[in-house]
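Shown here: work-v2.cif, mmCIF, N, CA, C and O atoms.
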data_input
loop_
_atom_site.group_PDB
_atom_site.id
_atom_site.type_symbol
_atom_site.label_atom_id
_atom_site.label_comp_id
_atom_site.auth_asym_id
_atom_site.auth_seq_id
_atom_site.Cartn_x
_atom_site.Cartn_y
_atom_site.Cartn_z
ATOM 1 N N MET A 1341 73.538 -95.225 -35.034
ATOM 2 C CA MET A 1341 74.039 -94.025 -34.391
ATOM 3 C C MET A 1341 75.048 -94.463 -33.334
ATOM 4 O O MET A 1341 74.787 -95.370 -32.557
ATOM 5 N N SER A 1342 76.189 -93.795 -33.308
ATOM 6 C CA SER A 1342 77.228 -94.174 -32.352
ATOM 7 C C SER A 1342 76.830 -93.770 -30.926
ATOM 8 O O SER A 1342 75.979 -92.885 -30.720
ATOM 9 N N GLU A 1343 77.481 -94.388 -29.970
ATOM 10 C CA GLU A 1343 77.210 -94.081 -28.566
ATOM 11 C C GLU A 1343 77.589 -92.629 -28.252
ATOM 12 O O GLU A 1343 76.890 -91.944 -27.496
ATOM 13 N N THR A 1344 78.651 -92.153 -28.870
ATOM 14 C CA THR A 1344 79.092 -90.772 -28.651
ATOM 15 C C THR A 1344 78.021 -89.785 -29.108
ATOM 16 O O THR A 1344 77.722 -88.810 -28.411
ATOM 17 N N VAL A 1345 77.440 -90.044 -30.264
ATOM 18 C CA VAL A 1345 76.403 -89.157 -30.789
ATOM 19 C C VAL A 1345 75.169 -89.191 -29.886
ATOM 20 O O VAL A 1345 74.567 -88.150 -29.595
ATOM 21 N N MET A 1346 74.798 -90.377 -29.430
ATOM 22 C CA MET A 1346 73.641 -90.486 -28.531
ATOM 23 C C MET A 1346 73.906 -89.741 -27.226
ATOM 24 O O MET A 1346 73.023 -89.046 -26.720
ATOM 25 N N ASN A 1347 75.114 -89.858 -26.703
ATOM 26 C CA ASN A 1347 75.455 -89.153 -25.461
ATOM 27 C C ASN A 1347 75.448 -87.640 -25.672
ATOM 28 O O ASN A 1347 74.991 -86.896 -24.808
ATOM 29 N N ALA A 1348 75.927 -87.191 -26.825
ATOM 30 C CA ALA A 1348 75.907 -85.755 -27.116
ATOM 31 C C ALA A 1348 74.469 -85.247 -27.179
ATOM 32 O O ALA A 1348 74.164 -84.165 -26.674
ATOM 33 N N ALA A 1349 73.580 -86.028 -27.789
ATOM 34 C CA ALA A 1349 72.178 -85.628 -27.868
ATOM 35 C C ALA A 1349 71.552 -85.562 -26.477
ATOM 36 O O ALA A 1349 70.788 -84.636 -26.178
ATOM 37 N N LYS A 1350 71.891 -86.514 -25.624
ATOM 38 C CA LYS A 1350 71.361 -86.495 -24.257
ATOM 39 C C LYS A 1350 71.848 -85.255 -23.507
ATOM 40 O O LYS A 1350 71.084 -84.613 -22.789
ATOM 41 N N ILE A 1351 73.121 -84.937 -23.674
ATOM 42 C CA ILE A 1351 73.678 -83.761 -23.000
ATOM 43 C C ILE A 1351 73.023 -82.493 -23.529
ATOM 44 O O ILE A 1351 72.664 -81.596 -22.758
ATOM 45 N N MET A 1352 72.871 -82.404 -24.867
ATOM 46 C CA MET A 1352 72.242 -81.214 -25.447
ATOM 47 C C MET A 1352 70.814 -81.047 -24.941
ATOM 48 O O MET A 1352 70.334 -79.931 -24.780
ATOM 49 N N ASN A 1353 70.140 -82.149 -24.677
ATOM 50 C CA ASN A 1353 68.757 -82.106 -24.205
ATOM 51 C C ASN A 1353 68.649 -81.462 -22.820
ATOM 52 O O ASN A 1353 67.582 -80.985 -22.439
ATOM 53 N N LEU A 1354 69.744 -81.426 -22.085
ATOM 54 C CA LEU A 1354 69.743 -80.810 -20.751
ATOM 55 C C LEU A 1354 69.817 -79.290 -20.830
ATOM 56 O O LEU A 1354 69.526 -78.600 -19.851
ATOM 57 N N LEU A 1355 70.225 -78.767 -21.983
ATOM 58 C CA LEU A 1355 70.392 -77.314 -22.149
ATOM 59 C C LEU A 1355 69.053 -76.613 -22.357
ATOM 60 O O LEU A 1355 68.109 -77.217 -22.851
ATOM 61 N N PRO A 1356 69.004 -75.330 -22.017
ATOM 62 C CA PRO A 1356 67.820 -74.532 -22.365
ATOM 63 C C PRO A 1356 67.690 -74.466 -23.891
ATOM 64 O O PRO A 1356 68.672 -74.647 -24.629
ATOM 65 N N ALA A 1357 66.503 -74.179 -24.378
ATOM 66 C CA ALA A 1357 66.221 -74.195 -25.815
ATOM 67 C C ALA A 1357 67.173 -73.306 -26.614
ATOM 68 O O ALA A 1357 67.666 -73.706 -27.673
ATOM 69 N N ALA A 1358 67.448 -72.122 -26.132
ATOM 70 C CA ALA A 1358 68.333 -71.205 -26.864
ATOM 71 C C ALA A 1358 69.738 -71.784 -26.982
ATOM 72 O O ALA A 1358 70.391 -71.673 -28.032
ATOM 73 N N ASP A 1359 70.218 -72.412 -25.919
ATOM 74 C CA ASP A 1359 71.547 -73.018 -25.953
ATOM 75 C C ASP A 1359 71.556 -74.279 -26.812
ATOM 76 O O ASP A 1359 72.570 -74.598 -27.434
ATOM 77 N N GLN A 1360 70.440 -74.994 -26.861
ATOM 78 C CA GLN A 1360 70.337 -76.148 -27.757
ATOM 79 C C GLN A 1360 70.483 -75.697 -29.205
ATOM 80 O O GLN A 1360 71.191 -76.330 -29.998
ATOM 81 N N GLU A 1361 69.840 -74.592 -29.548
ATOM 82 C CA GLU A 1361 69.931 -74.053 -30.905
ATOM 83 C C GLU A 1361 71.361 -73.634 -31.212
ATOM 84 O O GLU A 1361 71.869 -73.885 -32.302
ATOM 85 N N PHE A 1362 72.021 -72.992 -30.253
ATOM 86 C CA PHE A 1362 73.416 -72.592 -30.435
ATOM 87 C C PHE A 1362 74.298 -73.817 -30.673
ATOM 88 O O PHE A 1362 75.129 -73.825 -31.589
ATOM 89 N N ALA A 1363 74.126 -74.851 -29.870
ATOM 90 C CA ALA A 1363 74.919 -76.071 -30.013
ATOM 91 C C ALA A 1363 74.668 -76.731 -31.364
ATOM 92 O O ALA A 1363 75.603 -77.198 -32.024
ATOM 93 N N TYR A 1364 73.420 -76.741 -31.789
ATOM 94 C CA TYR A 1364 73.061 -77.311 -33.089
ATOM 95 C C TYR A 1364 73.756 -76.556 -34.227
ATOM 96 O O TYR A 1364 74.342 -77.164 -35.126
ATOM 97 N N GLU A 1365 73.711 -75.236 -34.184
ATOM 98 C CA GLU A 1365 74.351 -74.425 -35.219
ATOM 99 C C GLU A 1365 75.866 -74.620 -35.200
ATOM 100 O O GLU A 1365 76.514 -74.662 -36.256
ATOM 101 N N PHE A 1366 76.440 -74.775 -34.022
ATOM 102 C CA PHE A 1366 77.873 -75.018 -33.899
ATOM 103 C C PHE A 1366 78.250 -76.352 -34.529
ATOM 104 O O PHE A 1366 79.235 -76.451 -35.265
ATOM 105 N N ILE A 1367 77.456 -77.375 -34.281
ATOM 106 C CA ILE A 1367 77.714 -78.695 -34.862
ATOM 107 C C ILE A 1367 77.609 -78.628 -36.388
ATOM 108 O O ILE A 1367 78.421 -79.227 -37.105
ATOM 109 N N LYS A 1368 76.629 -77.887 -36.898
ATOM 110 C CA LYS A 1368 76.510 -77.720 -38.352
ATOM 111 C C LYS A 1368 77.768 -77.059 -38.921
ATOM 112 O O LYS A 1368 78.271 -77.479 -39.980
ATOM 113 N N LYS A 1369 78.296 -76.046 -38.219
ATOM 114 C CA LYS A 1369 79.516 -75.385 -38.694
ATOM 115 C C LYS A 1369 80.699 -76.340 -38.673
ATOM 116 O O LYS A 1369 81.545 -76.328 -39.577
ATOM 117 N N LEU A 1370 80.782 -77.179 -37.654
ATOM 118 C CA LEU A 1370 81.849 -78.180 -37.601
ATOM 119 C C LEU A 1370 81.756 -79.135 -38.787
ATOM 120 O O LEU A 1370 82.762 -79.470 -39.417
ATOM 121 N N LEU A 1371 80.552 -79.571 -39.088
ATOM 122 C CA LEU A 1371 80.348 -80.487 -40.206
ATOM 123 C C LEU A 1371 80.743 -79.840 -41.521
ATOM 124 O O LEU A 1371 81.422 -80.453 -42.348
ATOM 125 N N LEU A 1372 80.345 -78.592 -41.720
ATOM 126 C CA LEU A 1372 80.691 -77.896 -42.957
ATOM 127 C C LEU A 1372 82.197 -77.679 -43.072
ATOM 128 O O LEU A 1372 82.755 -77.728 -44.165
ATOM 129 N N ALA A 1373 82.869 -77.440 -41.954
ATOM 130 C CA ALA A 1373 84.323 -77.284 -41.986
ATOM 131 C C ALA A 1373 84.991 -78.615 -42.322
ATOM 132 O O ALA A 1373 85.997 -78.656 -43.025
ATOM 133 N N TRP A 1374 84.435 -79.701 -41.833
ATOM 134 C CA TRP A 1374 84.990 -81.036 -42.076
ATOM 135 C C TRP A 1374 84.730 -81.480 -43.510
ATOM 136 O O TRP A 1374 85.577 -82.096 -44.140
ATOM 137 N N ASP A 1375 83.543 -81.179 -44.030
ATOM 138 C CA ASP A 1375 83.159 -81.641 -45.362
ATOM 139 C C ASP A 1375 82.193 -80.648 -45.999
ATOM 140 O O ASP A 1375 80.985 -80.848 -45.983
ATOM 141 N N PRO A 1376 82.705 -79.569 -46.577
ATOM 142 C CA PRO A 1376 81.828 -78.519 -47.089
ATOM 143 C C PRO A 1376 80.893 -78.960 -48.210
ATOM 144 O O PRO A 1376 79.850 -78.348 -48.414
ATOM 145 N N ASP A 1377 81.241 -80.006 -48.937
ATOM 146 C CA ASP A 1377 80.388 -80.458 -50.041
ATOM 147 C C ASP A 1377 79.586 -81.710 -49.699
ATOM 148 O O ASP A 1377 78.926 -82.281 -50.562
ATOM 149 N N PHE A 1378 79.664 -82.151 -48.446
ATOM 150 C CA PHE A 1378 78.984 -83.377 -47.999
ATOM 151 C C PHE A 1378 79.347 -84.560 -48.893
ATOM 152 O O PHE A 1378 78.496 -85.344 -49.304
ATOM 153 N N THR A 1379 80.636 -84.693 -49.211
ATOM 154 C CA THR A 1379 81.078 -85.774 -50.087
ATOM 155 C C THR A 1379 81.848 -86.868 -49.359
ATOM 156 O O THR A 1379 82.061 -87.935 -49.919
ATOM 157 N N ARG A 1380 82.279 -86.615 -48.151
ATOM 158 C CA ARG A 1380 83.011 -87.635 -47.401
ATOM 159 C C ARG A 1380 82.046 -88.697 -46.907
ATOM 160 O O ARG A 1380 80.881 -88.421 -46.626
ATOM 161 N N LEU A 1381 82.553 -89.911 -46.760
ATOM 162 C CA LEU A 1381 81.736 -91.006 -46.256
ATOM 163 C C LEU A 1381 82.059 -91.263 -44.794
ATOM 164 O O LEU A 1381 83.223 -91.230 -44.396
ATOM 165 N N THR A 1382 81.038 -91.558 -44.020
ATOM 166 C CA THR A 1382 81.274 -92.026 -42.660
ATOM 167 C C THR A 1382 81.783 -93.461 -42.761
ATOM 168 O O THR A 1382 81.708 -94.090 -43.821
ATOM 169 N N SER A 1383 82.292 -94.003 -41.679
ATOM 170 C CA SER A 1383 82.788 -95.385 -41.717
ATOM 171 C C SER A 1383 81.656 -96.351 -42.056
ATOM 172 O O SER A 1383 81.864 -97.327 -42.789
ATOM 173 N N GLU A 1384 80.447 -96.084 -41.573
ATOM 174 C CA GLU A 1384 79.300 -96.944 -41.889
ATOM 175 C C GLU A 1384 78.948 -96.857 -43.372
ATOM 176 O O GLU A 1384 78.678 -97.869 -44.019
ATOM 177 N N GLU A 1385 78.959 -95.632 -43.924
ATOM 178 C CA GLU A 1385 78.659 -95.461 -45.342
ATOM 179 C C GLU A 1385 79.726 -96.118 -46.214
ATOM 180 O O GLU A 1385 79.421 -96.725 -47.235
ATOM 181 N N GLU A 1386 80.987 -96.013 -45.787
ATOM 182 C CA GLU A 1386 82.072 -96.615 -46.549
ATOM 183 C C GLU A 1386 81.941 -98.138 -46.584
ATOM 184 O O GLU A 1386 82.142 -98.755 -47.632
ATOM 185 N N MET A 1387 81.571 -98.746 -45.453
ATOM 186 C CA MET A 1387 81.363 -100.202 -45.431
ATOM 187 C C MET A 1387 80.198 -100.595 -46.331
ATOM 188 O O MET A 1387 80.286 -101.573 -47.078
ATOM 189 N N ALA A 1388 79.102 -99.843 -46.269
ATOM 190 C CA ALA A 1388 77.941 -100.146 -47.108
ATOM 191 C C ALA A 1388 78.288 -100.017 -48.584
ATOM 192 O O ALA A 1388 77.872 -100.850 -49.405
ATOM 193 N N LEU A 1389 79.062 -99.000 -48.932
ATOM 194 C CA LEU A 1389 79.472 -98.816 -50.317
ATOM 195 C C LEU A 1389 80.361 -99.963 -50.776
ATOM 196 O O LEU A 1389 80.185 -100.506 -51.867
ATOM 197 N N HIS A 1390 81.294 -100.357 -49.926
ATOM 198 C CA HIS A 1390 82.184 -101.473 -50.263
ATOM 199 C C HIS A 1390 81.382 -102.755 -50.486
ATOM 200 O O HIS A 1390 81.631 -103.492 -51.449
ATOM 201 N N GLU A 1391 80.428 -103.018 -49.603
ATOM 202 C CA GLU A 1391 79.579 -104.205 -49.763
ATOM 203 C C GLU A 1391 78.786 -104.136 -51.063
ATOM 204 O O GLU A 1391 78.651 -105.133 -51.774
ATOM 205 N N ALA A 1392 78.264 -102.972 -51.383
ATOM 206 C CA ALA A 1392 77.486 -102.812 -52.610
ATOM 207 C C ALA A 1392 78.358 -103.041 -53.840
ATOM 208 O O ALA A 1392 77.911 -103.636 -54.826
ATOM 209 N N GLU A 1393 79.595 -102.574 -53.783
ATOM 210 C CA GLU A 1393 80.495 -102.763 -54.917
ATOM 211 C C GLU A 1393 80.868 -104.226 -55.122
ATOM 212 O O GLU A 1393 81.171 -104.638 -56.242
ATOM 213 N N GLN A 1394 80.821 -105.008 -54.042
ATOM 214 C CA GLN A 1394 81.149 -106.428 -54.141
ATOM 215 C C GLN A 1394 79.946 -107.259 -54.576
ATOM 216 O O GLN A 1394 80.084 -108.424 -54.919
ATOM 217 N N ASP A 1395 78.777 -106.666 -54.543
ATOM 218 C CA ASP A 1395 77.541 -107.358 -54.883
ATOM 219 C C ASP A 1395 77.379 -107.413 -56.404
ATOM 220 O O ASP A 1395 78.122 -106.798 -57.150
ATOM 221 N N GLU A 1396 76.402 -108.174 -56.827
ATOM 222 C CA GLU A 1396 76.136 -108.276 -58.260
ATOM 223 C C GLU A 1396 75.381 -107.044 -58.745
ATOM 224 O O GLU A 1396 74.623 -106.433 -58.013
ATOM 225 N N PHE A 1397 75.616 -106.718 -59.997
ATOM 226 C CA PHE A 1397 74.929 -105.591 -60.612
ATOM 227 C C PHE A 1397 74.062 -106.088 -61.749
ATOM 228 O O PHE A 1397 74.349 -107.105 -62.375
ATOM 229 N N LEU A 1398 73.006 -105.379 -62.024
ATOM 230 C CA LEU A 1398 72.136 -105.695 -63.149
ATOM 231 C C LEU A 1398 72.375 -104.688 -64.257
ATOM 232 O O LEU A 1398 72.508 -103.496 -64.004
ATOM 233 N N ASP A 1399 72.419 -105.182 -65.472
ATOM 234 C CA ASP A 1399 72.489 -104.295 -66.616
ATOM 235 C C ASP A 1399 71.094 -103.720 -66.834
ATOM 236 O O ASP A 1399 70.083 -104.402 -66.641
ATOM 237 N N GLU A 1400 71.025 -102.477 -67.229
ATOM 238 C CA GLU A 1400 69.722 -101.826 -67.408
ATOM 239 C C GLU A 1400 68.828 -102.609 -68.367
ATOM 240 O O GLU A 1400 67.617 -102.684 -68.177
ATOM 241 N N SER A 1401 69.412 -103.226 -69.355
ATOM 242 C CA SER A 1401 68.611 -103.970 -70.337
ATOM 243 C C SER A 1401 68.003 -105.242 -69.745
ATOM 244 O O SER A 1401 67.059 -105.796 -70.297
ATOM 245 N N GLU A 1402 68.531 -105.686 -68.594
ATOM 246 C CA GLU A 1402 68.003 -106.891 -67.938
ATOM 247 C C GLU A 1402 66.800 -106.588 -67.045
ATOM 248 O O GLU A 1402 66.161 -107.498 -66.540
ATOM 249 N N ILE A 1403 66.504 -105.320 -66.846
ATOM 250 C CA ILE A 1403 65.449 -104.933 -65.907
ATOM 251 C C ILE A 1403 64.117 -104.835 -66.633
ATOM 252 O O ILE A 1403 63.994 -104.171 -67.655
ATOM 253 N N ASP A 1404 63.128 -105.520 -66.077
ATOM 254 C CA ASP A 1404 61.754 -105.403 -66.564
ATOM 255 C C ASP A 1404 61.112 -104.266 -65.759
ATOM 256 O O ASP A 1404 60.653 -104.460 -64.650
ATOM 257 N N TRP A 1405 61.126 -103.065 -66.343
ATOM 258 C CA TRP A 1405 60.659 -101.881 -65.628
ATOM 259 C C TRP A 1405 59.181 -101.935 -65.284
ATOM 260 O O TRP A 1405 58.726 -101.226 -64.388
ATOM 261 N N ASP A 1406 58.434 -102.768 -65.942
ATOM 262 C CA ASP A 1406 57.006 -102.914 -65.646
ATOM 263 C C ASP A 1406 56.754 -103.934 -64.548
ATOM 264 O O ASP A 1406 55.642 -104.087 -64.071
ATOM 265 N N ASN A 1407 57.796 -104.679 -64.161
ATOM 266 C CA ASN A 1407 57.664 -105.716 -63.148
ATOM 267 C C ASN A 1407 58.918 -105.720 -62.272
ATOM 268 O O ASN A 1407 59.681 -106.672 -62.258
ATOM 269 N N LEU A 1408 59.115 -104.644 -61.516
ATOM 270 C CA LEU A 1408 60.317 -104.497 -60.705
ATOM 271 C C LEU A 1408 60.407 -105.518 -59.575
ATOM 272 O O LEU A 1408 61.491 -105.824 -59.108
ATOM 273 N N SER A 1409 59.281 -106.076 -59.163
ATOM 274 C CA SER A 1409 59.327 -107.066 -58.082
ATOM 275 C C SER A 1409 60.043 -108.335 -58.521
ATOM 276 O O SER A 1409 60.461 -109.132 -57.687
ATOM 277 N N SER A 1410 60.213 -108.542 -59.818
ATOM 278 C CA SER A 1410 60.912 -109.731 -60.293
ATOM 279 C C SER A 1410 62.406 -109.677 -60.004
ATOM 280 O O SER A 1410 63.091 -110.697 -60.051
ATOM 281 N N ILE A 1411 62.927 -108.502 -59.672
ATOM 282 C CA ILE A 1411 64.372 -108.348 -59.406
ATOM 283 C C ILE A 1411 64.724 -108.924 -58.048
ATOM 284 O O ILE A 1411 65.766 -109.502 -57.862
ATOM 285 N N VAL A 1412 63.851 -108.795 -57.104
ATOM 286 C CA VAL A 1412 64.131 -109.218 -55.725
ATOM 287 C C VAL A 1412 64.085 -110.666 -55.591
ATOM 288 O O VAL A 1412 64.302 -111.606 -55.935
#

Now, as a test, write the supplied structure out as structure tokens.
Amino acid sequence: MSETVMNAAKIMNLLPAADQEFAYEFIKKLLLAWDPDFTRLTSEEEMALHEAEQDEFLDESEIDWDNLSSIV
């Protein structure tokens, strides 16, 4: 979690409950305006995806589904 997000949560915690709910709903509306289908990646998600794409992949036929611990 970024420092900005943590600071926003601390500030919201100072508000009365009704105003906290209002702020929460406002943030949800901002998120939906930014990404209505929840398809955009955050910078952290993008890095994780890039790392995963650079990693090795297993073909489904190589997986022993009865012994998944053998993959690790």

Worksheet item: atom C of Leu1370 (chain A) and CA of Met1341 (chain A) are how many Å apart?
Response: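 For atom C of Leu1370 (chain A) relative to CA of Met1341 (chain A), the distance reads 17.3 Å.
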
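Going from atom C of Thr1382 (chain A) over to atom C of Asp1399 (chain A), you cover 28.3 Å.
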
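You will find atom C of Leu1398 (chain A) at 25.1 Å from atom N of Leu1381 (chain A).
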
Item to complete: List every residue of chain A that DSSP, applied to the backbone, labels as alpha helix (DSSP H), and write the result as a PyMOL selection string.
Response: chain A and resi 1343-1353+1357-1374+1383-1394

Taking all atoms of region 1377-1388 of chain A that the file lists, what box with edges along x, y and z, padded by 4 Å per side, do you get, with centre and edge lengths in Å to one decimal, as lines of an AutoDock Vina configuration file?
center_x = 80.5
center_y = -90.8
center_z = -46.1
size_x = 13.4
size_y = 29.6
size_z = 17.0

Discussion item. List the spatial neighbours of Phe1397 (chain A) as a list in words - criterion: any atom at most 12 Å away, only C-alpha atoms, same-chain residues fewer than 6 positions off excluded.
Written reply: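 Those residues are Glu1391, Ile1403 and Ile1411 of chain A.
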